[in-house]
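Participant: So that we are looking at the same thing, I have put the structure below in structure tokens.
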Amino acid sequence: MRNLSLTLLTALCLMAGGIASASPLSPVEGAEYKTLTTPQATVVDGKKVEVIEFFMYHCPACNQLEPALLAWVGKQGNNIVFRRIHLPHTGATDVEAHLFLTLEALGLEESLHAKILNTWHVEHKQLLTDQDNIDWALKNGIDKNKFIDTYFSFSVTSKLHGLMRVAESYLVNSTPTLVIDGRFVTGPGSVQDSNASLGLKDLDTALLEVANALVLKARATK
């Protein structure tokens, strides 16, 4: 019994040591990131690595991460293909996700992303209804008929109804969450939990260091 206890104690110490040695520069599976049991298909070929940000327009942490994330994406150049998926916070009728999918269908999401974040987090104007979204679109120069037709189109509403299944397939339930190569999942929570001494002001940098390491890890297997 004593030998068993010693063996168990040794194993626990080794496990603790493994987690303690984790760092954003050398992320450890089960600490700073997790690997999906069922990898998801990506939209890229060749050596490029897909990076997805699951986000929500109203999410303060997403807004805070945005400048550093854009700078990181820019530095990655042709190494990655970056795209966003809006987590449907209120389910199949989520108004924010509905706006995202409509702008994506119109080819305007990327160019207007910063304006929407500014509306929520600088102007403190919440877009909580379909009419709020329509009014916002008109204010920002989008053709009314084109926006409304797209907003209520079968294609957009079908995607909206399927967003929760998409999030579940990636095991995502909070934002921001980054998914690298359809299989490595990380976010501020897991990075901070695994690096107790990390201050909040350094968290975004640390998260992107983890993402950078996971991009390199993914490229090495292609």
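Labels used: A, B, ... for chains in the order of the structure tokens, numbers from 1 for residues in each chain, and numbers from 1 for ligands as shown.
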For the alpha helix (DSSP H) assignment from backbone DSSP, which residues of region 21-208 of chain A qualify? Please present them as a VMD selection string.
Facilitator: chain A and resid 60 to 76 95 to 105 109 to 121 130 to 139 144 to 151 154 to 169 188 to 194 203 to 208
Participant: As a short mmCIF file (atom, residue, chain, number, x, y, z; two decimals) with C-alpha atoms, in the first residue's frame, please: the residues near region 127-138 of chain A (cut-off 7 Å, only C-alpha atoms, same-chain neighbours under 6 positions excluded).
Facilitator:
```cif
data_model
loop_
_atom_site.label_atom_id
_atom_site.label_comp_id
_atom_site.auth_asym_id
_atom_site.auth_seq_id
_atom_site.Cartn_x
_atom_site.Cartn_y
_atom_site.Cartn_z
CA VAL A 95 -29.17 38.83 -33.68
CA LEU A 99 -25.66 40.51 -38.71
CA LYS A 144 -31.48 48.83 -47.78
#
```
Participant: Could you go through region 31-201 of chain A and tell me which residues DSSP, when run on the backbone, assigns to strand (DSSP E), listing them as a PDB file with C-alpha atoms, in the first residue's frame?
Facilitator:
```
ATOM      1  CA  TYR A  33      -4.517  24.154 -25.631  1.00  0.00           C
ATOM      2  CA  LYS A  34      -6.518  21.045 -26.389  1.00  0.00           C
ATOM      3  CA  THR A  35      -6.594  18.841 -29.479  1.00  0.00           C
ATOM      4  CA  VAL A  49      -2.775  26.847 -41.888  1.00  0.00           C
ATOM      5  CA  GLU A  50      -6.356  27.848 -41.149  1.00  0.00           C
ATOM      6  CA  VAL A  51      -6.882  30.017 -38.069  1.00  0.00           C
ATOM      7  CA  ILE A  52     -10.445  30.635 -36.877  1.00  0.00           C
ATOM      8  CA  GLU A  53     -11.454  33.158 -34.258  1.00  0.00           C
ATOM      9  CA  PHE A  54     -14.741  32.342 -32.581  1.00  0.00           C
ATOM     10  CA  PHE A  55     -15.970  35.695 -31.292  1.00  0.00           C
ATOM     11  CA  ILE A  80      -2.221  31.263 -42.588  1.00  0.00           C
ATOM     12  CA  VAL A  81      -5.770  31.827 -43.782  1.00  0.00           C
ATOM     13  CA  PHE A  82      -7.688  33.731 -41.108  1.00  0.00           C
ATOM     14  CA  ARG A  83     -11.452  33.731 -40.736  1.00  0.00           C
ATOM     15  CA  ARG A  84     -14.040  34.446 -38.083  1.00  0.00           C
ATOM     16  CA  ILE A  85     -17.105  32.592 -36.840  1.00  0.00           C
ATOM     17  CA  HIS A  86     -19.634  34.372 -34.633  1.00  0.00           C
ATOM     18  CA  THR A 177     -11.436  31.125 -28.890  1.00  0.00           C
ATOM     19  CA  LEU A 178      -8.826  30.369 -31.546  1.00  0.00           C
ATOM     20  CA  VAL A 179      -8.847  27.142 -33.562  1.00  0.00           C
ATOM     21  CA  ILE A 180      -5.688  26.321 -35.492  1.00  0.00           C
ATOM     22  CA  PHE A 184      -5.881  22.807 -31.901  1.00  0.00           C
ATOM     23  CA  VAL A 185      -8.124  24.931 -29.658  1.00  0.00           C
ATOM     24  CA  THR A 186      -6.926  27.670 -27.322  1.00  0.00           C
TER      25      THR A 186
END
```
Participant: For region 151-167 of chain A, work out the shell of residues within 6 Å, counting only C-alpha atoms and skipping chain neighbours fewer than 4 positions away, then give it as a list of chain:residue names.
Facilitator: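 Skipping anything fewer than 4 positions along the chain leaves A:Ala92, A:Thr102, A:Phe147, A:Val172.
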Participant: Would you export the selected residues with N, CA and C atoms as a tab-separated table (two decimals), in the first residue's frame, please?
Facilitator:
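See out35.tsv below for the written result:
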```
chain	number	residue	atom	x	y	z
A	92	ALA	N	-30.30	29.89	-32.10
A	92	ALA	CA	-30.59	29.92	-33.53
A	92	ALA	C	-31.20	31.23	-34.03
A	102	THR	N	-24.90	38.03	-42.48
A	102	THR	CA	-25.41	38.87	-43.57
A	102	THR	C	-24.28	39.66	-44.20
A	147	PHE	N	-29.55	44.66	-48.31
A	147	PHE	CA	-29.28	44.17	-46.96
A	147	PHE	C	-30.45	43.32	-46.46
A	172	VAL	N	-16.45	24.68	-28.80
A	172	VAL	CA	-16.31	26.08	-28.39
A	172	VAL	C	-17.57	26.53	-27.66
```
Participant: Out of A:Glu168, A:Asp181, A:His124, A:Gln64, which residue has the shortest atom-to-atom distance to Val43 (chain A) when counting only C-alpha atoms?
Facilitator: A:Asp181
Participant: Quick one, how far is CA of Pro39 (chain A) from CA of Asn173 (chain A)?
Facilitator: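 So the two atoms, CA of Pro39 (chain A) and CA of Asn173 (chain A), lie 16.9 Å apart.
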Participant: If we count only C-alpha atoms and set the cut-off at 9 Å, which residues sit around region 195-209 of chain A, ignoring sequence neighbours fewer than 5 positions away in its own chain? Please answer as an MDAnalysis selection string.
Facilitator: chainID A and resid 19:20 22:27 31:32 64:65 68:69 72 178 186:188 190 214
Participant: Generate a file of the selected residues that holds N, CA and C atoms, formatted as a PDB file, in the first residue's frame.
Facilitator:
```
ATOM      1  N   ILE A  19       2.732  20.433 -16.106  1.00  0.00           N
ATOM      2  CA  ILE A  19       1.886  21.603 -16.303  1.00  0.00           C
ATOM      3  C   ILE A  19       2.627  22.869 -15.927  1.00  0.00           C
ATOM      4  N   ALA A  20       3.448  22.786 -14.857  1.00  0.00           N
ATOM      5  CA  ALA A  20       4.196  23.963 -14.430  1.00  0.00           C
ATOM      6  C   ALA A  20       5.189  24.407 -15.489  1.00  0.00           C
ATOM      7  N   ALA A  22       4.753  24.273 -18.582  1.00  0.00           N
ATOM      8  CA  ALA A  22       4.069  24.818 -19.753  1.00  0.00           C
ATOM      9  C   ALA A  22       4.301  26.319 -19.830  1.00  0.00           C
ATOM     10  N   SER A  23       4.322  26.838 -21.038  1.00  0.00           N
ATOM     11  CA  SER A  23       4.478  28.280 -21.234  1.00  0.00           C
ATOM     12  C   SER A  23       3.888  28.633 -22.579  1.00  0.00           C
ATOM     13  N   PRO A  24       3.518  29.911 -22.780  1.00  0.00           N
ATOM     14  CA  PRO A  24       2.971  30.307 -24.076  1.00  0.00           C
ATOM     15  C   PRO A  24       3.914  30.036 -25.247  1.00  0.00           C
ATOM     16  N   LEU A  25       5.225  30.121 -25.004  1.00  0.00           N
ATOM     17  CA  LEU A  25       6.184  29.876 -26.084  1.00  0.00           C
ATOM     18  C   LEU A  25       6.307  28.387 -26.402  1.00  0.00           C
ATOM     19  N   SER A  26       6.056  27.544 -25.407  1.00  0.00           N
ATOM     20  CA  SER A  26       6.108  26.091 -25.604  1.00  0.00           C
ATOM     21  C   SER A  26       4.845  25.479 -25.016  1.00  0.00           C
ATOM     22  N   PRO A  27       3.707  25.712 -25.650  1.00  0.00           N
ATOM     23  CA  PRO A  27       2.432  25.281 -25.077  1.00  0.00           C
ATOM     24  C   PRO A  27       2.326  23.772 -24.959  1.00  0.00           C
ATOM     25  N   ALA A  31      -2.947  21.882 -21.306  1.00  0.00           N
ATOM     26  CA  ALA A  31      -2.695  23.073 -20.491  1.00  0.00           C
ATOM     27  C   ALA A  31      -3.116  24.298 -21.281  1.00  0.00           C
ATOM     28  N   GLU A  32      -2.227  24.799 -22.154  1.00  0.00           N
ATOM     29  CA  GLU A  32      -2.577  25.989 -22.936  1.00  0.00           C
ATOM     30  C   GLU A  32      -3.522  25.709 -24.101  1.00  0.00           C
ATOM     31  N   GLN A  64     -10.966  43.712 -26.960  1.00  0.00           N
ATOM     32  CA  GLN A  64      -9.630  43.998 -26.441  1.00  0.00           C
ATOM     33  C   GLN A  64      -8.550  43.277 -27.238  1.00  0.00           C
ATOM     34  N   LEU A  65      -8.841  42.054 -27.649  1.00  0.00           N
ATOM     35  CA  LEU A  65      -7.864  41.254 -28.396  1.00  0.00           C
ATOM     36  C   LEU A  65      -7.662  41.766 -29.823  1.00  0.00           C
ATOM     37  N   ALA A  68      -4.255  43.456 -31.311  1.00  0.00           N
ATOM     38  CA  ALA A  68      -3.124  42.524 -31.282  1.00  0.00           C
ATOM     39  C   ALA A  68      -3.339  41.372 -32.253  1.00  0.00           C
ATOM     40  N   LEU A  69      -4.580  40.889 -32.354  1.00  0.00           N
ATOM     41  CA  LEU A  69      -4.884  39.789 -33.269  1.00  0.00           C
ATOM     42  C   LEU A  69      -4.649  40.199 -34.711  1.00  0.00           C
ATOM     43  N   TRP A  72      -1.005  40.347 -35.402  1.00  0.00           N
ATOM     44  CA  TRP A  72      -0.457  38.991 -35.496  1.00  0.00           C
ATOM     45  C   TRP A  72      -0.795  38.361 -36.844  1.00  0.00           C
ATOM     46  N   LEU A 178      -9.545  30.555 -30.292  1.00  0.00           N
ATOM     47  CA  LEU A 178      -8.826  30.369 -31.546  1.00  0.00           C
ATOM     48  C   LEU A 178      -8.717  28.881 -31.854  1.00  0.00           C
ATOM     49  N   THR A 186      -7.494  26.933 -28.445  1.00  0.00           N
ATOM     50  CA  THR A 186      -6.926  27.670 -27.322  1.00  0.00           C
ATOM     51  C   THR A 186      -7.723  28.943 -27.082  1.00  0.00           C
ATOM     52  N   GLY A 187      -7.540  29.510 -25.905  1.00  0.00           N
ATOM     53  CA  GLY A 187      -8.226  30.745 -25.572  1.00  0.00           C
ATOM     54  C   GLY A 187      -7.605  31.369 -24.335  1.00  0.00           C
ATOM     55  N   PRO A 188      -7.983  32.586 -23.996  1.00  0.00           N
ATOM     56  CA  PRO A 188      -7.386  33.273 -22.845  1.00  0.00           C
ATOM     57  C   PRO A 188      -7.524  32.496 -21.542  1.00  0.00           C
ATOM     58  N   SER A 190      -7.669  29.172 -20.903  1.00  0.00           N
ATOM     59  CA  SER A 190      -6.735  28.049 -20.755  1.00  0.00           C
ATOM     60  C   SER A 190      -5.305  28.542 -20.604  1.00  0.00           C
ATOM     61  N   LEU A 214       1.317  26.937 -32.266  1.00  0.00           N
ATOM     62  CA  LEU A 214       0.423  25.933 -32.838  1.00  0.00           C
ATOM     63  C   LEU A 214       0.390  26.007 -34.356  1.00  0.00           C
TER      64      LEU A 214
END
```
Participant: Report, in Å to a single decimal, how far apart CA of Ser194 (chain A) and CA of Ala61 (chain A) are.
Facilitator: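 We find that CA of Ala61 (chain A) and CA of Ser194 (chain A) lie 18.3 Å from each other.
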Participant: Any idea what the distance is between CA of Leu103 (chain A) and CA of Tyr57 (chain A)?
Facilitator: 12.9 Å
Participant: Using only C-alpha atoms, find the one residue out of A:Leu108, A:Lys47, A:Ala41, A:His58 that sits nearest to Lys217 (chain A).
Facilitator: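 Among A:Leu108, A:Lys47, A:Ala41, A:His58, it is A:Lys47 that comes nearest to Lys217 (chain A).
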